[in-house]
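Beneath this line is the structure, given in structure tokens, with notes to follow.
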2 protein chains.
Amino acid sequence: MSKVGNPVKGWQGVPFSKVVIDDAFWRPRLEVLKNVTIKVCLTKCEETNRIANFALAGGLIEGKFEGMYYNDSDVYKVLEGAAYALMTERDAELEAEIDRIIALIAAAQEEDGYLSTYYTLEAPALKWTDMEKHEMYNGGHLIEAAVAYYEATGKCELLDVACRMADHYDTIFGPGKRHWAEGHEEIELALVKLFRATGEERYWKLALWLLEERGHGHGVGAIWDKPDWGPAYCQDDVPVRDIQEVKGHAVRAMYLYTAMADVVLASGDSAYMDALDRVWAHTVERNMYVTGGIGPSVHNEGFTHDYDLPNESAYCETCAAIAMAFWNHRMNLLHGDGKYADLVEREMYNGALSGISLSGDKFFYVNPLASKGEHHRVDWFHTSCCPTNLARFLPSIGQYAYAVAEDGITVNQYMSSTATVVAANGAKVEMVQSTAYPWDGRIVLTVSPEQAGNFTVRLRLPGWCRGYRVSAQGEHVTGTEALAEKGYIVLNRHWTPGDTIELALDMPVETVRSRSEVEANRGRIAIQRGPVVYCAEQADNAGLDYDGFALSAQEPFAAEHRGELLGGVTVLHGRESEGKPCVLVPYYAWDNREAGFMQVWVREAEDRRLYRF
Amino acid sequence: MSKVGNPVKGWQGVPFSKVVIDDAFWRPRLEVLKNVTIKVCLTKCEETNRIANFALAGGLIEGKFEGMYYNDSDVYKVLEGAAYALMTERDAELEAEIDRIIALIAAAQEEDGYLSTYYTLEAPALKWTDMEKHEMYNGGHLIEAAVAYYEATGKCELLDVACRMADHYDTIFGPGKRHWAEGHEEIELALVKLFRATGEERYWKLALWLLEERGHGHGVGAIWDKPDWGPAYCQDDVPVRDIQEVKGHAVRAMYLYTAMADVVLASGDSAYMDALDRVWAHTVERNMYVTGGIGPSVHNEGFTHDYDLPNESAYCETCAAIAMAFWNHRMNLLHGDGKYADLVEREMYNGALSGISLSGDKFFYVNPLASKGEHHRVDWFHTSCCPTNLARFLPSIGQYAYAVAEDGITVNQYMSSTATVVAANGAKVEMVQSTAYPWDGRIVLTVSPEQAGNFTVRLRLPGWCRGYRVSAQGEHVTGTEALAEKGYIVLNRHWTPGDTIELALDMPVETVRSRSEVEANRGRIAIQRGPVVYCAEQADNAGLDYDGFALSAQEPFAAEHRGELLGGVTVLHGRESEGKPCVLVPYYAWDNREAGFMQVWVREAEDRRLYRF
């Protein structure tokens, strides 16, 4: 059992429901999410009998279970996303549909609280015999949906279902009871959410117990015996406090680390902190793509060996990129360091966002960094975790904008918005952001505390930014006050309502080079501008040869904002090595036009204007 | 003898007298130059008897020659600079003083046109016996001064002296006459100027003959026999058309290449073009400092071996940096390629400008890139070529702003100014620039042709700039028109009076890495922003250890413009590797405060916020 120490004085998140986004980049995406994506996902859940499975399990209709044992989770995830959409804008029709589904879910729950339509319908005698069968994974997503819907509507029905289920877990599992190392982590972070929603400490303690179960040989199921996969596939190879390296299935690993970061805030266990720091470094220094994508291999949907980052065959599951944002959000709160919020940003504008079409109804499961033209978004998947993960990730994007520190407010993500932030001392502060981010690095903030007072406003200085200017109340901030501390400009001042801050971040075109250990990228460069990674797509570059074309690392690019293109993007016009014009577009926006090749890491040409020192 | 081909259709320079500079950066420097530097130089020439030597040689006073055999040249160079100052603003007092000196010079000229006070006074029997004794070097500077003063005032006296001297050369030297390989080149480029001022073709043909004399064993003088120096020291080791590599004394080499570029415009000799291209590449790719400084060694005031670019012991003579600007200006006109104007800019804001104090009365001969604190500007030198070279370089800075191409006007340097440019077809175009360059990358231009018409306006896209936007008449320039051609954005349009262009150059903080072959810079980085190279000076960084401190290549810098500091500079605030605040200031502005260390190439620290792809 874990040594429970003193709670960590981390930062607190600010719920996205307190952040009203009025942003040229995000607002249209949130509209599409609500009006298209959630509806598409609900329809698909209906068409594929994912919803019907609940009615069947509840005895409301007759028929046979269809699909995979983890399909319940997709319904929960759409419900969670729908709840988020309702938080910012109620919608009676949508709410009625969700209430209908909730009634089916409630009906499917067994008397003792057990809930998994697959087992209830297909194999009731085999419950809790194979830890790979996602019983608690499904349960975790139920909890997340239930908490979300409760917070959105105040309705308790689904939350009651979730609590009964969690209580049921508690009666079976725990110290002196049965062992359980869930094959696909998710329940742990969900139980922390349930604790926060209900105040019941036993939920986070059950999460802690589940984390501690891992790595002690308790895992049971076919997957544990497969030589290529084994316990490492689901992070059951070592106790979590002894984790040295990122291994196995990428989404599972990220959900595990997310839960560990959640739990350590309450437990204060330094061994967890150390393990998280180690595995974070190992992940982001050796096993992450420039897009924020992780998990190169289709074989295990996960990690292979250090620096194995092939481009065309990159797996980079959308869910893994989203989960990477979840984890880094927690790490930011835990450590109060902007480098984690940098990675949330990297996922927001690249690796996670690429998973969904601009139209909101086509999805990538796999996000390669190069394609000869045969990789396309589709409507739905047999295993459709990614669309439903996007359906809950995007509407909650506002939660990454702010955090509350003991001494004030942290601005983590830049987007035009109005937020009401409750400071640690209970005082309300209205924060208004105005910016054309990610296309322009100028951000104007208005800070309006209910009552004037001294507190700290932290402004994240993104890792990609080398030069910046900051002013407060029209006066240039100078000297050490202007310098970054752990990735933030720290303005500790007396703030009165309406005080303004202006942050100007240089946002140049930047050539990114890969670590030399990454074989796939040797002799190649990538182009980034601000937080946005660019790619060359055939639609703009019909005359270029996919294998042959090259760019100089010093190539100048004319930046052009095209409001009508790809939902409004800044494109980069330059020349490839033969002098032919070439155009780069944001990676996240690729494959929204006719099929064709795409490359992020482009062959590097010798500089045509060389002078060197 | 050189094969004379067809003249090259190069660009034409626009005289600085047509460019009225009203620029926050340059205007104060031009004022100080006129009001302080020229006066200081004249006073020093007086005090050191450089002026008296002329009166002595003319028999106007009695006494003995004092100083070095090349001291005449300093007087000529101040006169040239004074003439430039008079071109933009007449000044009766200054003009009277110059007229007085001109009368002394005229008196010093011998009956046959010979003019060198050292030989006239000290060794009349030894004239034209030692090619290292700068007889024609002095003569070249006389010619440059004479042309300048004639163009500034319309007064012919000094020009007559210069022509008589050049004609005298022509009687002694040339095909079928005596051989001569002048030890210190300068006469060749001066004779081209004299040709342009007078229209007498024999002057540029004499320049061509002098160039062709080199490398054939004609050199006579002690220096040719010194084993460490030999013919290569003064570029007499190979015929100029066979030059492969930059060698020897840096200023001499640059003056030679400048003359070659001048001459090739008239001769069209492709062997000269090829030689210039070869030696340019060899100079700028392997033998140039990031400041634009050249010639690492005190021993020969010049080049040693490839990649030998030590920092503390860097020689980097101010004159060499100025001469590098001269040469690259010609190369730009010859080739119509912006990469040469990039190097003019590099000298303007770094390697040449560092030679003079902000007060205008203290000078560097040697411009190291690092100092423990013992290197300081002084009032004057025994060999004082550098102060007098600055005295003529700075007041003519406006000549680098524009060039005239056959199809229109080229904007080469950005500075707030109003220029009257005469296009190739004779039409006048007023060009008005408004910018806060080099601190900000936004430049607004107004193009006002006398009569509306089609022509091309080229805007230099500096080599340091990776991202930019350009608009004309308020409309974004897009597609291939926005792309750079040979370093320029080429706007071929119909222009009507008052048409506007806005160019926005991203000007981020940039980490520069040296070629790996440069041993001195291994493990070090330099910081540049726009055209300005930065350094760490002790005055701002008292707490840092010169040998120990290090910077991360990803360090973010808060840019702060401080109007009151060092004549108005944008300083960069960051942190060194231990987290202590550090401040970088422009390299050109160093040693204008209390003595202390200085470093351009700073040790590189590991990135503290590492995530890698």
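Here's how to read the names in the structure tokens: chain A, B, ... by the order shown, residue numbers from 1 in each chain, ligand numbers from 1 in the order shown.
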
Using only C-alpha atoms, what table do you get, as a tab-separated table, when you list each residue of chain B with an atom no more than 6 Å from chain A, its nearest pair of atoms, and their distance in Å rounded to one decimal, rows by chain then rising number?
```
residue	atom	partner	partner_atom	distance
B:Val284	CA	A:Tyr611	CA	5.3
B:Glu285	CA	A:Arg612	CA	4.7
B:Met288	CA	A:Phe613	CA	5.6
B:Tyr289	CA	A:Phe613	CA	5.1
B:Val290	CA	A:Phe613	CA	5.2
B:Arg466	CA	A:Pro556	CA	4.1
B:Gly467	CA	A:Phe557	CA	4.8
B:Tyr468	CA	A:Ala558	CA	5.0
B:Arg469	CA	A:Ala558	CA	5.5
B:Asp506	CA	A:Pro508	CA	5.7
B:Pro508	CA	A:Asp506	CA	5.7
B:Val509	CA	A:Gly467	CA	5.3
B:Ser514	CA	A:Phe613	CA	5.2
B:Pro556	CA	A:Arg466	CA	4.1
B:Phe557	CA	A:Gly467	CA	4.8
B:Ala558	CA	A:Tyr468	CA	5.0
B:Ala559	CA	A:Arg469	CA	5.6
B:Tyr611	CA	A:Glu285	CA	4.9
B:Arg612	CA	A:Glu285	CA	4.7
B:Phe613	CA	A:Tyr289	CA	5.1
```

Identify, with DSSP run on backbone atoms, the residues in segment 271-402 of chain B assigned to helix (DSSP H, G or I), and express the list as number ranges by chain. B: 271-286, 318-335, 338-351, 353-355, 385-400

Who sits within 8 Å of segment 385-402 of chain A, only C-alpha atoms, same chain under 5 positions skipped, as a ChimeraX atom specification: /A:13-17,19-21,29-30,33-34,37-38,41,73-75,77-78,80-82,84-85,317-319,322,329,341,344,352,355-356,363-365,380,409-415,421

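Every protein, DNA or RNA residue with an atom at most 10 Å from Glu374 of chain B, where only C-alpha atoms count and chain neighbours fewer than 5 positions away do not, is listed here: Ala595, Gly596, Phe597 and Met598 of chain B.
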
Write out as a ChimeraX atom specification each polymer residue whose atoms come within 9 Å of segment 223-229 of chain B, counting only C-alpha atoms; drop sequence neighbours fewer than 5 positions from it. /B:131-132,183,234,236,248,300

Can you write just those residues out, N, CA and C atoms, as a compact mmCIF listing (two decimals), in the first residue's frame?
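See part.txt below for the written result:
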```txt
# COMPACT_ATOMS: atom_id res chain seq x y z
N MET B 131 57.53 48.51 -53.96
CA MET B 131 56.08 48.52 -54.23
C MET B 131 55.25 48.42 -52.96
N GLU B 132 55.92 48.22 -51.84
CA GLU B 132 55.23 48.14 -50.55
C GLU B 132 55.11 49.52 -49.90
N GLY B 183 51.79 47.32 -53.63
CA GLY B 183 51.73 46.45 -52.45
C GLY B 183 50.41 46.52 -51.72
N CYS B 234 50.23 40.42 -50.27
CA CYS B 234 49.59 41.52 -50.99
C CYS B 234 48.96 41.03 -52.30
N ASP B 236 49.80 39.06 -54.61
CA ASP B 236 50.62 39.09 -55.82
C ASP B 236 51.15 37.69 -56.14
N GLY B 248 46.31 36.58 -47.33
CA GLY B 248 47.11 37.75 -47.02
C GLY B 248 46.39 38.81 -46.20
N ASN B 300 49.71 39.17 -39.78
CA ASN B 300 49.69 39.71 -41.15
C ASN B 300 48.49 40.62 -41.38
```

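As for atom CA of Arg524 of chain A and atom CA of His305 of chain A, they are spaced 20.7 Å apart.
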
Within 8 Å of Gly67 of chain A, counting only C-alpha atoms, which residues qualify if same-chain residues fewer than 3 places away don't, as a ChimeraX atom specification? /A:48-50,71,382

Nearby residues (only C-alpha atoms) at most 6 Å from Ala57 of chain B, same-chain spacing under 4 positions excluded, as a list in words: Ala108, Thr117 and Leu121 of chain B

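Reported to one decimal place, the separation of atom CA of Ala321 of chain A from atom CA of Pro231 of chain A is 22.6 Å.
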
Once DSSP has gone over the backbone, tell me which residues of segment 271-425 of chain B are in strand (DSSP E or B), as an MDAnalysis selection string. chainID B and resid 288 294 297 302 317 356 363 366 370:371 378 402:405 408:411 417:422
